[in-house]
Structures are given as C-alpha cells and as structure tokens.
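In what follows, a structure is listed as structure tokens, so that the remarks can point back to it.
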Number of protein chains: 2
Amino acid sequence: MPTYKAPLREYRFLLNELLDFSQYGDLPGFADAPADLVDAILEEAGKLTEEVLQPLNQIGDREGCKLENGVVTTPTGFKDAYKLLVDGGWPALVADTAYGGQGLPNALGVIFNEMVSSANMAFGMYPGLSHGAYSALSQHGTDEQKKKYLPKLVTGEWTGTMNLTEPHCGTDLGLLRSKAVPVGDGSYKISGQKIFISAGDHDLAENILHLVLARIEGAPQGVKGISLFLVPKYLVNEDGSLGNRNGVSVGSLEEKMGIHGNATCVLNYDEALGWLVGEEHKGLRAMFTMMNEARLGVGLQGLSQSEVAYQNAVTYALERLQGRSLTGPKAEDKPADPLIVHPDIRRMLLNAKSFNEGARALLVWTALHGDLSHRSNDEKTREFGDDMMSLLTPVLKGYFTDRGFAHAVDAQQVYGGHGYIDEWGMGQFVRDARIAMIYEGANGVQALDLVGRKLAQNGGRAVFAFFKAVDDFIAANKSNADLKPFLDPLAAARKDLEAATMWFMENALQNPDHAGAGSTPYMHHFGVTGRAFMWAMMAKVSLEKLAAQSEGDNAWYETKIKTGRFYMEHVVPETAMHLARIRHGADPVMAMGANEF
Amino acid sequence: MPTYKAPLREYRFLLNELLDFSQYGDLPGFADAPADLVDAILEEAGKLTEEVLQPLNQIGDREGCKLENGVVTTPTGFKDAYKLLVDGGWPALVADTAYGGQGLPNALGVIFNEMVSSANMAFGMYPGLSHGAYSALSQHGTDEQKKKYLPKLVTGEWTGTMNLTEPHCGTDLGLLRSKAVPVGDGSYKISGQKIFISAGDHDLAENILHLVLARIEGAPQGVKGISLFLVPKYLVNEDGSLGNRNGVSVGSLEEKMGIHGNATCVLNYDEALGWLVGEEHKGLRAMFTMMNEARLGVGLQGLSQSEVAYQNAVTYALERLQGRSLTGPKAEDKPADPLIVHPDIRRMLLNAKSFNEGARALLVWTALHGDLSHRSNDEKTREFGDDMMSLLTPVLKGYFTDRGFAHAVDAQQVYGGHGYIDEWGMGQFVRDARIAMIYEGANGVQALDLVGRKLAQNGGRAVFAFFKAVDDFIAANKSNADLKPFLDPLAAARKDLEAATMWFMENALQNPDHAGAGSTPYMHHFGVTGRAFMWAMMAKVSLEKLAAQSEGDNAWYETKIKTGRFYMEHVVPETAMHLARIRHGADPVMAMGANEF
C-alpha cells in the first residue's frame with residue numbers, strides 16, 4: 001500500500017528561506033500570512049492529505065464512480081473526506097475575503113493543491129475545478145452573479161466545472177455547436193452535448209455550477225461567436241435556496257485509463273437555463289481566465305504524481321534486498337543489499353528528486369509572481385509578475401506533466417515486477433499522471449502557446465525579462481566560487497535558450513511551421529532552464545545556511561546541494577539536443593506528404 | 001476500435017533488398033526459404049494477425065483471464081485463435097526439422113513474432129514462451145527428454161513457461177528457495193512458490209511444460225546451487241499420452257496494469273515431479289539460453305506496441321479535423337484541417353515511424369547474425385554473428401522497450417482526450433508496452449549486462465567488431481555525396497559511442513559504480529547508434545533503387561529517405577547528452593547517503 005508524506009520542510013524552505021515571504025508582509029493577503037500561521041496551515045494540510053485523502057486513493061481507483069438512474073456516486077469515503085475539506089475551510093484559502101475567503105496568496109494555494117493532488121489526484125479535481133469556476137465568475141461575472149454564487153463556491157458547499165469539449169471539437173473551440181437561445185429575461189436556454197467534463201456530476205456537494213461555452217443563436221462562426229454561460233445543476237432562488245433541477249443530465253461516465261475516482265461525464269444540455277458570464281461572443285476570453293488557472297493546476301498534478309511515486313520508490317529501494325553493490329556487499333549481515341546501493345536505481349530516484357524540488361520551486365516562484373502581479377505596489381514588479389505568469393504557465397503545464405509522468409514511470413520501474421501489479425499502487429500514479437499531459441490543452445498546444453504567442457507578446461518582453469532575471473542572478477553571484485558548478489550550467493542552458501529564441505524570432509515569421517516543429521523541444525528547453533535557475537538559487541541559499549552553521553540542519557542543506565549538482569550534471573546537458581532539434585526547423589517534419597505516414 | 005495492418009512491404013525490403021537473404025541460399029534453413037515462399041508465409045501471417053488476433057486484443061484486455069476452482073480460462077476467442085495458430089503450423093516455423101519443425105531462420109521468426117505481438121501482445125506470449133522452453137530443452141535436455149517433449153512443443157499442442165521469480169527474489173536469483181529432493185529414479189520432487197509466471201496456466205493447450213529453477217537439497221548457497229527442472233502440468237507416460245496431474249497448482253492470478261489477456265500466475269509447487277535439465281547446479285546457464293531468447297522476444301514487444309499505436313495514430317491524424325495549419329488552411333472545404341497538418345503531431349509520428357523502421361531493421365539484422373552464428377560455414381562470420389547477438393540482445397531488450405513505450409505514449413497523445421478513453425484502445429498499447437521494460441530483466445539490468453559484461457567479453461571483441469562494421473560501411477560509401485546526410489551523423493554518433501566505451505574501459509575497473517551510473521545512458525546511446533547504422537544502410541539501398549528507376553516504387557523509397565533524414569536530424573543529436581552523462585561518472589549518483597533520498 002502506497003503512503004504519502006507532505007514535504008513540509010521543502011515548503012518552509014521555499015517560503016521562508018528561498019523566497020522570503022516576510023518581505024511582502026505589507027501586501028494584501030501576505031499580511032494575513034505570517035510564517036507561524038502559514039506553518040500551522042501547512043501542518044494541518046499535511047494531516048488532512050496524509051491521513052484522510054491518501055488512504056482513499058487506491059479505493060477510488062478500484063471502485064471508480066457509478067452512474068445509476070442519472071445519479072453519480074463517488075467512491076467510498078470521498079463524501080466524508082469532502083465534508084472534512086469543507087468543514088476545515090480549505091476551499092476558502094485563497095478566495096477573496098469579500099465572498100468569505102481567507103484571501104491568502106495563491107502561492108500558498110498551489111502548495112496546498114500539490115499536497116491534495118499527491119495524496120489523491122482524482123479527489124483533488126473536485127475542489128480544484130471549483131476554484132477555476134470561482135476565478136472566472138469573480139473576474140467576469142456581474143455583481144449580482146458574484147453575490148449569488150461565489151460565497152457557496154468559497155465554502156465548498158457548491159462545486160464548479162468547465163464545459164468546453166464536444167465530441168467533434170477539443171482544442172479547436174471554433175467548431176463548437178452548443179446553442180444558447182435568449183429567453184428574454186436575461187437568461188438563455190442552452191442545448192448541446194459536452195464531453196470529458198471532469199467532476200461533471202457527483203454526490204459531494206448539493207449544487208454544481210457549470211460554466212459552459214455555447215453559441216448564441218445567430219452568432220458569428222468560429223471562435224468569435226462563442227459565449228460563456230453559468231448553468232447551475234439546480235436553479236438558485238432569489239433567497240439563495242435551491243429550486244428546480246435544471247435541464248442538464250449525465251449521459252454517461254467515461255471509462256478511462258486513470259483518475260477513476262473522478263467522474264468524467266458526458267453532459268447533455270436540453271434547454272437548460274443559463275446566464276451570460278462576461279460579454280456576448282467573448283466567452284473565450286472569460287474561459288481563458290479559468291483555463292490559465294487550470295493549467296497551473298494541471299502542471300502541479302504532474303509534479304504531485306512524481307512526488308508521491310518517488311516517495312514510495314525510495315521506501316521500496318531502502319527495503320527491498322536484491323543483488324549486491326558493484327563495489328562489494330554493503331549489508332553483509334543480510335542475504336543481499338537494498339536496491340538503493342545500485343547506481344542505476346539512484347539515477348532514477350535522483351532524476352525524480354531533482355525534478356520534484358526544482359519544479360516545486362519554479363511553481364511557487366511563478367505563483368508568487370502571479371500574486372505580485374495583482375498585489376504589488378510597484379508597477380515594474382506587477383509587470384514582471386504578469387510576464388512570468390503568462391510566459392511560464394504553458395511551461396509549467398506542459399513540461400511538468402511530461403516530466404512528472406516520466407518520473408512516475410521511473411518510480412514504478414524501481415519496483416520491478418511488483419510495479420506492474422495493481423496491489424502495490426505504482427501503476428495508478430502512472431495512469432493518473434497520464435491525463436495531465438492531455439487535458440486543459442494537450443502539451444503540444446501548450447508548446448505552441450509558448451512559442452507562437454507568449455514569446456512574441458509585447459515584443460518579447462517576457463522572455464527577455466526572464467533572461468535578465470537569470471543574468472542578474474549570475475552577475476550578482478559570479479564571485480561565489482562554491483556556486484560555480486551551478487552558475488556555469490545555468491549560463492550554458494540560458495545561452496542555448498536565447499539562441500533557440502532568436503532562431504524562432506528570425507525564422508518563424510517567414511514560415512510559422514518552423515515554430516511549430518520546434519515548439520515541444522523549446523518548451524522542454526525552457527523547463528530545464530527554469531529549473532536550473534531555481535537550483536542555482538536554492539544552492540546559493542543552502543551554501544549561505546551552511547556557512548552560517550546556525551540552523552542545526554546542515555545535513556539537509558548538504559543534501560539539497562548534492563541533489564542540485566546531480567541536476568546540473570545529468571539533466572542540463574539535454575539543452576544542446578533541444579537546440580539542435582529546433583535549428584533543423586520545419587523541413588524534417590513537413591517534407592513528408594500526408595499519405596507518406 | 002484500433003486496427004492493425006502487417007507492414008509486409010517493410011519486411012520484404014529488409015529481407016530482399018537490405019539484407020539480401022538470397023545470398024545465404026546455400027545455408028541450412030535459408031535454403032528452404034526462397035523469396036517467393038517467404039512472401040507467401042508473410043502474407044498468411046499478415047492475415048492471421050490482422051483478421052484473427054487483432055480483433056481479440058481489446059476483448060482480452062477487458063475480460064482478462066479467470067481462475068475458478070483452480071482452472072484458468074482465457075478471454076473469449078483466445079482458444080479458437082490458438083487452435084488456428086496450431087493448425088497453421090506456426091509454432092513449428094523456426095523449430096528444428098528433427099522434431100517436426102520447419103527449420104527456417106530465426107530472422108523470419110522474429111518477423112512473425114512482431115506481427116503477432118502488434119496484433120495481440122498478451123496472446124502472443126502463450127506461444128512465445130513455448131519457444132523459449134523449446135530452446136532450453138533442445139540445447140540442454142537429454143536425447144530422451146527431447147524426443148519425449150519437443151515434438152509437442154513444436155506442434156503447439158503443449159506450451160511452455162519459465163519459472164524464476166519468487167516473492168523475495170526477482171533479479172537476484174541467488175536468493176531463491178524452491179527445493180528439489182531426489183526421488184531416486186532420476187526424478188525430483190519440487191516444492192516452492194513461483195510468482196509472475198506468464199502463461200503459467202490456461203485452457204489453450206492440453207499440457208504445459210514448466211521450466212523451473214530450484215535448489216537441490218544440500219546444494220551450495222547462491223547462484224551456484226541452482227538447477228533447472230522440467231515440471232509438466234500433466235505427467236507424460238512412456239507412450240507420450242498424458243498421465244496424472246502433477247503437484248503444481250495456480251495460487252492466484254495477478255491483477256496488473258496491462259496484458260490482461262495473459263494469465264500471470266502464482267504457481268505453487270508441492271512435491272511436483274520434475275526432471276533435471278542440463279547439469280546439477282548449472283541451471284542458470286540453461287535458463288540463460290531461454291532468457292536470452294526471451295529478451296529478444298521482449299525487445300520486439302516494445303517495437304510491436306510502437307508500431308500498432310503509430311498506425312492508429314496516423315489514421316486518427318488523417319481523419320480528425322482540428323485547428324488550421326499555421327501556414328493557412330489546407331482543407332478549405334472543411335471546417336478545420338486534419339491533425340496531420342500540425343508540425344508537432346508530425347514530430348510525434350515521425351519519432352515513432354523512424355523508430356519502428358530503424359528498430360525493425362536492427363532486430364532482423366541481429367536475428368540474422370544469430371542465425372549465421374549457427375549456420376554459416378565461415379568461422380569469422382559465425383564469430384561476428386555470435387558477437388552481435390550477444391552484444392545487442394540487452395540493447396534490443398532495454399532500448400526497444402523504453403522507446404517503444406515512449407512512442408506508444410506519443411501515439412496516445414495524438415488522440416488528445418480520446419486517447420485516455422478505454423473505448424479507443426490507445427491506453428491499452430501503453431499499458432501493455434509498460435511490462436516489456438520490466439520483465440525478463442528490468443531495463444536497468446539489461447544496461448548493466450551490456451556495460452558490465454558484454455563490453456568486456458573477449459577483450460571488447462564484440463563492441464570493436466561493431467565499430468569496425470560501421471567504419472567499413474562509412475569508408476565504402478564516403479564518396480556517395482547523397483549519403484552524406486546519413487554518414488556524418490552516423491560517424492558522430494559512433495565517435496561519441498566509442499568515447500563512452502573508452503571512458504568505461506579506463507574508469508570502471510577502478511570503480512565499478514562508474515559503469516553502473518552510466519549504464520542506462522550508454523544503452524540508449526548504443527540503441528541510437530545502432531539505428532543510425534541501419535538508417536544509413538537503408539538510405540543507401542533506397543538511393544540505389546531510386547537511381548535505377550526500375551521498381552515503379554519510387555515514392556516508397558523517397559519516403560524511406562525522408563524518414564531517415566528526420567531520424568538523423570531529430571534523434572541522433574541525443575548522443576552527446578548521453579556521453580556527457582556517462583563522463584560525469586559515479587559521483588553525482590553515489591554522493592548521496594541512503595538516508596538522504
């Protein structure tokens with residue numbers, strides 16, 4: 001049976017030592033989160049996820065959700081666990097205080113979400129999607145809508161969903177057919193079929209707020225004719241009480257590779273009453289608010305499965321006796337040495353560990369900059385925060401989920417044959433992690449968003465700001481000889497990344513397929529470089545702590561530095577390969593006729 | 001519903017054009033396989049696999065095997081399909097004519113096995129393991145054993161299994177506890193528990209021959225006290241008829257991530273009668289005969305899942321309309337362009353296609369050299385054949401299954417959300433392919449076999465013979481300007497591979513962990529270089545065919561060259577990364593204390 005231990009020491013390091021959240025103590029939200037309170041929150045979140053959510057993870061996988069007589073039932077224990085989540089006030093963590101939220105920075109929100117997702121990814125999607133709906137409504141809804149719906153999302157009494165996909169249209173939303181007919185009183189009748197709706201129906205909450213993309217009768221074709229609607233499962237009376245069931249029903253539950261504990265629904269809308277969110281025909285813009293947030297949430301799912309799979313692989317590698325060390329027996333009193341003596345086992349574990357810690361730093365760093373983009377008093381800081389959030393969202397979604405899956409596969413590999421047997425639970429991490437590479441925009445779409453949109457925005461302002469941040473760090477620390485093993489690979493990765501960026505800028509206008517062909521290598525290149533930046537920063541702090549000898553925690557910092565060294569030496573060399581692939585351009589992939597595949 | 005089309009044109013290219021099997025027409029077995037007969041065999045195999053085995057693949061996955069009252073039932077249709085296989089004489093294809101086999105080269109056997117495995121991997125394991133048992137018995141059994149058992153394996157009336165693993169011992173066979181007590185009449189009573197026994201029991205054949213590793217009472221500890229026994233499910237009378245049920249029973253069926261159609265058994269041996277195969281205490285050597293063959297069979301499973309997943313991804317990419325080409329609409333009469341217009345979709349498809357074709361060439365090339373090692377009249381040819389077979393077996397097992405899995409994942413990715421839904425069948429390819437990285441020696445064990453044993457054997461004779469073969473090819477073709485885009489990357493990959501090899505030779509004696517730390521990067525490096533060699537050879541032949549303009553098939557050769565160009569430009573650049581990782585040696589992975597993970 002797999003276990004999970006929330007990496008609280010890692011979080012404290014990021015919040016208090018690496019990013020020093022205390023420096024933002026005068027900003028809204030941050031002011032309400034002094035270190036001791038945050039510490040208490042992390043402790044409680046650790047308990048909830050380790051003791052309540054994780055033990056339900058395999059149960060959810062085995063039982064799945066059931067649809068009987070139009071009613072969806074979640075796996076044993078999910079309902080009680082959700083009640084504990086609500087009773088603990090967790091859905092309110094980063095929501096606006098105006099609607100009952102605690103208003104804490106989203107950087108804390110992503111940390112909480114990582115824990116939930118590590119413990120039980122399928123469960124975490126129920127509250128996770130609610131928060132996306134909350135964000136879309138709070139940014140694009142009318143005051144009346146906000147007042148009516150947001151408080152219930154914030155308590156978690158109601159949940160939310162995103163309804164984009166239809167059978168014939170996934171990425172290409174311009175093709176969507178769901179229709180909205182004005183009733184005349186400001187409401188619309190929504191009809192159509194939506195598929196792949198995560199948390200689309202369930203028994204955890206008394207109401208569900210569906211955010212649905214549809215086309216108002218007579219609207220233009222394509223993406224410019226799409227509007228966003230709020231369609232509650234139960235209509236809500238003026239006094240906030242629940243009214244009649246709305247015209248939305250569950251057609252079926254999808255049988256899928258993983259996340260069995262989450263109800264992935266086909267939803268049929270049959271003249272369901274809905275209300276416009278944001279402007280007519282500008283639904284995509286509103287939905288993108290939700291999607292961008294969801295993308296960060298999916299990126300952390302990749303990290304979360306790598307983390308929990310890694311933890312269990314370490315446990316197994318320490319316990320399982322198999323073979324002898326290449327340099328002679330290490331556990332002479334035992335019939336064999338533990339797996340951990342084998343360099344190739346360590347290679348797999350260190351790949352995962354250096355990913356988990358570097359990716360987590362990049363996640364929290366990015367979320368912090370997202371917070372600063374709203375909350376800082378300084379315009380430059382807000383702009384930089386906005387740029388980093390915008391630039392790195394596709395990287396965190398695409399790169400984290402590709403790598404998170406790969407590391408879950410490696411962790412399963414550490415178990416040998418037992419990794420393939422359901423009982424041990426390692427296959428579930430792999431199967432669950434797999435979806436994160438696909439939904440909320442397949443990773444190829446993320447790569448194209450990065451290369452085709454984010455690089456060019458504002459004349460490349462964001463990517464050059466990223467390079468400058470790296471350069472400033474290198475320049476400020478270049479006299480630090482102990483940091484040289486980190487700064488040199490970081491500089492090399494950054495140089496290759498700039499070369500790749502310039503190659504796109506010089507070639508992609510003339511032929512956009514040059515951008516398309518190199519987009520995934522570039523996204524990975526960016527992910528590697530972003531992690532290298534984080535590892536260099538983490539090494540610097542760790543070296544300082546070691547020099548100060550004040551923490552009584554020297555071994556912890558030494559491990560951090562060793563992990564970072566592995567990253568620099570084993571992972572960073574891949575950037576040259578990405579650059580070589582990018583520079584070959586479109587020809588190698590576009591030369592083939594469609595009939596030649 | 002997924003489909004499968006046997007790549008017959010590819011096989012013909014390999015057999016008749018690339019490797020020119022007609023040149024071996026005077027050798028045993030080859031003489032019985034003129035091109036027109038081989039062609040007829042391939043056609044029939046294509047029909048069997050496309051029309052009979054493939055339609056059962058999803059059924060097998062859904063139903064799995066059942067154990068009721070000690071009896072294992074295979075999924076619907078498997079029994080009839082197995083009967084067709086037997087009636088068609090397929091198990092006899094490459095078996096010795098002395099026992100009723102057709103005696104054809106194993107190079108044809110691996111081609112047949114690839115088709116079977118692409119169509120239905122779980123099904124293919126039933127006859128696949130029989131052939132391993134056949135090889136172990138035919139090489140290590142007594143004449144009496146061979147006469148008694150081999151003909152039934154050759155017809156397929158009986159099947160075989162390999163019994164190595166016990167709950168506490170997988171890779172480390174020295175730990176095994178199963179016991180053999182001499183009865184006094186030459187037989188032994190075998191007791192113990194074996195786990196993960198593929199095709200361990202089923203209803204396809206009337207008898208099963210278990211080849212079981214056990215320790216004779218009083219034998220030395222460790223691997224030097226292990227013997228191999230033949231333990232039939234039903235005892236066999238002198239006249240060849242079946243006698244009593246032997247003392248082996250199915251404890252349970254494993255619930256696993258994939259290959260649900262194959263019965264993975266816990267087998268309990270309770271004083272089951274067994275007969276020694278080969279010498280006392282030398283069971284590992286006999287088992288390795290079987291394992292080496294099984295490893296080639298597992299390597300081709302990796303290829304097989306990549307091939308079938310690729311085929312289905314192409315179908316979807318041609319049909320699914322989603323988005324518009326970055327360079328403007330290509331299917332203006334349709335609401336969107338097919339996925340195939342997108343460079344990133346093509347990148348994934350070409351990665352798989354260039355793997356499938358290059359890996360298949362390397363598989364058949366290696367199997368051919370295995371055949372020549374037994375059948376050639378020339379001592380040098382036999383030695384080279386033996387060297388290539390020995391050197392490349394771990395590469396084909398480890399590299400092919402790592403890559404095959406990765407390409408199946410990519411093929412699933414092409415489907416977007418539908419790839420995650422069971423109905424579409426893409427997840428099954430991924431789940432089935434996953435086991436191939438684990439069983440018959442986890443891929444880390446293959447990498448160590450390559451670096452720790454195969455490189456050093458006979459003073460490095462095999463690896464230097466491989467380099468010489470590459471060098472000879474480059475030297476013989478260096479004036480061919482059209483081939484330069486293939487020869488230059490091949491030379492670069494080979495140069496890096498030699499540098500990596502020399503690094504091991506210079507450093508691994510002093511610290512064997514240097515070999516362990518770089519073993520997986522080296523195995524991948526070898527796989528990339530081996531494929532590069534095959535692609536250069538395939539390009540040369542294709543260029544010749546194009547120059548001759550005689551085949552009426554020019555488009556086919558042009559596609560071959562384009563695919564090879566993609567491989568050289570997109571895949572080969574990874575060798576520099578592997579070399580960099582190898583050269584960092586053991587320190588980055590061994591610096592960590594076991595408690596630091």
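Convention: chains lettered A, B, ... in structure tokens order; per-chain residue numbering from 1; ligands numbered from 1 as shown.
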(request) Could you give me, as a VMD selection string, the residues within 9 Å of range 78-91 of chain A, counting only C-alpha atoms and dropping anything in the same chain fewer than 6 positions from it? (result) chain A and resid 45 48 52 to 53 56 60 101 to 102 112 123 126 to 128 130 to 131 153 to 157 203 to 205 261
(request) Tell me which protein, DNA and RNA residues are within 9 Å of range 542-556 of chain B, counting only C-alpha atoms, leaving out same-chain ones fewer than 5 positions away, and put them as a count of residues only. (result) 7
(message) Please identify all residues of chain A having at least one atom at most 7 Å from any atom of chain B, considering only C-alpha atoms, and return them as an NGL selection string.
(response) :A and (169 or 171-172 or 254-257 or 314 or 322-323 or 326-327 or 340 or 343-344 or 346-347 or 413 or 416-417 or 420-422 or 427 or 435 or 438-439 or 442 or 444 or 512-513 or 516-517 or 559 or 562 or 565-566 or 569-570 or 573-574 or 577 or 580-581 or 584 or 588-590 or 592 or 594 or 596-597)
(request) Using DSSP on the backbone coordinates, identify the residues of range 186-409 of chain A assigned to strand (DSSP E); present them as a PyMOL selection string. (result) chain A and resi 187-198+207-216+226-232+234-236+242-245+248-253+264-277
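With only C-alpha atoms as the atoms that count, the minimum distance from Arg285 in chain B to the choices B:Asn262, B:Asn16, B:Ser227, B:Asn268 is reached by B:Ser227.
For the atom pair formed by CA of Met389 in chain A and CA of Ala532 in chain A, the distance is 17.9 Å, given to one decimal.
The spacing separating CA of Asn480 in chain B from CA of Gly527 in chain B amounts to 25.0 Å.
Computed from the coordinates, the CA of Met1 in chain B to CA of Met125 in chain B distance equals 22.2 Å.
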